[in-house]
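One structure below.
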Amino acid sequence: MPRRYALASYLAGAVAARTGDETSGPALMLAGFALTGSATAASALLAGVTISAVVGGPVLGAVLDRAERPGRLLAGALGLYAGGLGVILLGLGRLPFAATLVLAVATGLLAPAVAGGWTAQLPRVAPGGLLGRANALDAMTFGTAGLAGPALAGGAAEGVGAPTAVVVAGALVGLAVPAAWRLPGVPVREPGSVAGDLVAGVRYVARNAALARATLVSVGSCTAQGVLTACLPLLGERCLGGAARGAVLLTFAAASALLANAVLARRAPALAPDTVIRVGALAQAAAPALAASGRPAVLVVAALLLGAGEGPQLTALFAVRHRESPERLRGQIFTTGASLKITGFAVGAACGGPLAACSLPGALLLASGVGAAACVGFPLRGTRSAGRL
């Protein structure tokens, strides 16, 4: 019974933190636009709070791996992330926008705690035979957050104002702090430098063929998703009767991902997780190519296909990381992977907007090509598990 309760507490905290994170992006964009009147400033806030994850992820992971009570460190990171959202809100309209953007970048350093930092603790909550099902349930928390977050942001902004939506996002992340604080501890590690651990983690991923392939494919898929997301307003405007309707496609994708992972939680797939990652990437690469047709019914099918590929891919990605990561580097490997995915999405979104303005079908086909190229990957040598550094 204690183990079942611990997993329930873990999942409740994950849902709260990840829903807050999914709420924060659109909430910051809406608040930025409402308080500055500039669409450019609004998109810059979103870019600022996401792009810095590439630096924050590896460092946070290395520190988590060295902590005797990583849950307490994770709780602190979540608390600072929630507080950072509030500070950004206070700065909008009161400080020079450049200063507010710096606050967004600083806050974004902690974002990988919500994804990789949290998932890295799962083996301590659901060890052994429980880990496979727990992986699927953990991935479902992302689907749940993807459904609820944008809806909360839009609803709060419409009902009580865009700044309140940012407050809601921070409060949800803050609700996860107690669950993180109670996460199990680990044995004390031998002393060493954080810089040395950072080098060891990067080297381990580079030398481990399974981890390197999984990272490459997942980052490529996220980059393609970023391009596709930047195309959604134009898709909505030209094909669905309104720019806002393009965002509804994300709801279809999130629902499809959640349903696919619900099936996986009850029945393990016959394919190895490494294969599921590639198959999921192919499905996600096909989705924007279908969307390029511009037909409303096909757009819905494309969104469903996107989610059906994304959900199982995420579960399989967690399985590969848990399988290949040594205990002493697990936190860093998870947070580094999460930060690379977040950054890939940010780069894709930044490139996708101008491309979509020039040619919407061209941008969608580019997203498809990026996803397919990542799936093919590069030839990597080495054993399945690189045990020695």
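Ordering of the structure tokens sets the chain letters (A, B, ...); residue numbers start at 1 within each chain; ligands are numbered from 1 in the order shown.
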
Would you tabulate, counting only C-alpha atoms, all residues of stretch 172-242 of chain A that have an atom at most 10 Å from an atom of stretch 270-288 of chain A, showing the closest pair of atoms and their distance in Å to one decimal, sorted by chain then ascending number, as JSON lines?
```
{"residue": "A:Ala210", "atom": "CA", "partner": "A:Asp274", "partner_atom": "CA", "distance": 7.3}
{"residue": "A:Leu211", "atom": "CA", "partner": "A:Asp274", "partner_atom": "CA", "distance": 9.2}
{"residue": "A:Arg213", "atom": "CA", "partner": "A:Asp274", "partner_atom": "CA", "distance": 8.5}
{"residue": "A:Ala214", "atom": "CA", "partner": "A:Ile277", "partner_atom": "CA", "distance": 6.9}
{"residue": "A:Thr215", "atom": "CA", "partner": "A:Ile277", "partner_atom": "CA", "distance": 9.8}
{"residue": "A:Val217", "atom": "CA", "partner": "A:Ala281", "partner_atom": "CA", "distance": 6.9}
{"residue": "A:Ser218", "atom": "CA", "partner": "A:Ala281", "partner_atom": "CA", "distance": 7.5}
{"residue": "A:Gly220", "atom": "CA", "partner": "A:Ala281", "partner_atom": "CA", "distance": 8.4}
{"residue": "A:Ser221", "atom": "CA", "partner": "A:Ala281", "partner_atom": "CA", "distance": 6.0}
{"residue": "A:Cys222", "atom": "CA", "partner": "A:Gln284", "partner_atom": "CA", "distance": 9.4}
{"residue": "A:Ala224", "atom": "CA", "partner": "A:Ala285", "partner_atom": "CA", "distance": 7.5}
{"residue": "A:Gln225", "atom": "CA", "partner": "A:Gln284", "partner_atom": "CA", "distance": 8.1}
{"residue": "A:Val227", "atom": "CA", "partner": "A:Pro288", "partner_atom": "CA", "distance": 9.2}
{"residue": "A:Leu228", "atom": "CA", "partner": "A:Pro288", "partner_atom": "CA", "distance": 6.6}
{"residue": "A:Thr229", "atom": "CA", "partner": "A:Pro288", "partner_atom": "CA", "distance": 9.9}
{"residue": "A:Cys231", "atom": "CA", "partner": "A:Pro288", "partner_atom": "CA", "distance": 9.6}
```

Could the residues of stretch 145-208 of chain A that have an atom at most 10 Å from stretch 121-135 of chain A be listed as JSON lines, each with its closest atom pair and the distance in Å to one decimal, counting only C-alpha atoms and ordered by chain and ascending residue number?
```
{"residue": "A:Ala180", "atom": "CA", "partner": "A:Gln121", "partner_atom": "CA", "distance": 9.4}
{"residue": "A:Leu183", "atom": "CA", "partner": "A:Val125", "partner_atom": "CA", "distance": 7.7}
{"residue": "A:Pro184", "atom": "CA", "partner": "A:Arg124", "partner_atom": "CA", "distance": 6.5}
{"residue": "A:Gly185", "atom": "CA", "partner": "A:Arg124", "partner_atom": "CA", "distance": 8.3}
{"residue": "A:Val186", "atom": "CA", "partner": "A:Arg124", "partner_atom": "CA", "distance": 8.4}
```

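Counting only C-alpha atoms, the residue from A:Leu259, A:Ala106, A:Ala346, A:Val59 that sits nearest to A:Thr141 is A:Leu259.
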
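Compared by their closest atoms to A:Thr343, and using only C-alpha atoms, the residues A:Gly79, A:Gly117, A:Gly226, A:Gly20 rank with A:Gly226 nearest.
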
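Between atom CA of A:Val370 and atom CA of A:Ala316 there is a distance of 20.3 Å.
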
* Nearby residues (only C-alpha atoms) at most 10 Å from stretch 175-179 of chain A, same-chain spacing under 3 positions excluded, as a ChimeraX atom specification -> /A:6,8-18,20,71-72,74-79,82,114,170-172,182-183

* To do: Can you pull out every residue within 9 Å of A:Ala255, counting only C-alpha atoms, but drop anything in the same chain fewer than 4 positions away, and send it as a PyMOL selection string?
  => chain A and resi 143-144+146-147+250-251+259-260+304+307-308

* Asked: Just asking: which residues within stretch 46-242 of chain A are helix (DSSP H, G or I) according to DSSP, as an NGL selection string?
  -> :A and (46-51 or 53-66 or 70-91 or 97-108 or 111-113 or 116-119 or 122-125 or 128-160 or 162-175 or 177-181 or 194-207 or 209-240)

* To do: Could you give me, as a list of chain:residue names, the residues within 10 Å of A:Ala41, counting only C-alpha atoms and dropping anything in the same chain fewer than 4 positions from it?
  => A:Met29, A:Gly32, A:Phe33, A:Leu35, A:Thr36, A:Gly37, A:Leu45, A:Leu46, A:Ala47, A:Phe97, A:Ala98, A:Leu101

* **Contacts of A:Val168 at 12 Å (only C-alpha atoms; same-chain gap of 4+ positions) as a PyMOL selection string** => chain A and resi 16-17+19-28+82-83+85-86+89+149-157+160-164+172-175

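Among the candidates A:Gly48, A:Gly57, A:Gly353, A:Pro361, the one nearest to A:Leu103 when counting only C-alpha atoms is A:Gly48.
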
At a cut-off of 9 Å, can you tabulate as a Markdown table every residue of stretch 48-99 of chain A near stretch 335-340 of chain A together with its closest atom pair and the distance in Å to one decimal, using only C-alpha atoms and ordering rows by chain then number?
```
| residue | atom | partner | partner_atom | distance |
| --- | --- | --- | --- | --- |
| A:Thr50 | CA | A:Ser339 | CA | 8.6 |
| A:Ile51 | CA | A:Ser339 | CA | 8.5 |
| A:Ser52 | CA | A:Ser339 | CA | 8.3 |
| A:Ala53 | CA | A:Ser339 | CA | 4.8 |
| A:Val54 | CA | A:Ser339 | CA | 4.7 |
| A:Val55 | CA | A:Ser339 | CA | 7.5 |
| A:Gly56 | CA | A:Ser339 | CA | 7.3 |
| A:Gly57 | CA | A:Thr335 | CA | 4.7 |
| A:Pro58 | CA | A:Thr336 | CA | 4.6 |
| A:Val59 | CA | A:Thr336 | CA | 8.3 |
| A:Leu60 | CA | A:Thr335 | CA | 7.1 |
| A:Gly61 | CA | A:Thr335 | CA | 5.3 |
| A:Ala62 | CA | A:Thr335 | CA | 8.7 |
```

Generate the output file for the selected residues, C-alpha atoms, as a compact mmCIF listing (two decimals), in the first residue's frame.
```
# COMPACT_ATOMS: atom_id res chain seq x y z
CA THR A 50 11.72 28.06 -23.45
CA ILE A 51 15.06 28.64 -25.16
CA SER A 52 17.12 28.78 -21.94
CA ALA A 53 16.19 25.19 -21.07
CA VAL A 54 19.15 23.96 -23.12
CA VAL A 55 21.46 25.39 -20.43
CA GLY A 56 19.33 24.78 -17.36
CA GLY A 57 18.53 21.13 -18.07
CA PRO A 58 22.03 19.60 -17.91
CA VAL A 59 23.07 21.66 -14.88
CA LEU A 60 19.87 20.90 -12.97
CA GLY A 61 20.21 17.21 -13.78
CA ALA A 62 23.82 17.07 -12.59
```

* Which residue, A:Leu216, A:Gly348, A:Leu314, A:Gly369, has the smallest gap to A:Ala289 when you use only C-alpha atoms? -> A:Gly369

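The nearest approach to A:Ala136 among the residues A:Ala297, A:Leu317, A:Ala374, A:Val166, with only C-alpha atoms taken into account, belongs to A:Leu317.
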
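With atom CA of A:Val298 on one side and atom CA of A:Leu235 on the other, the separation reads 11.9 Å.
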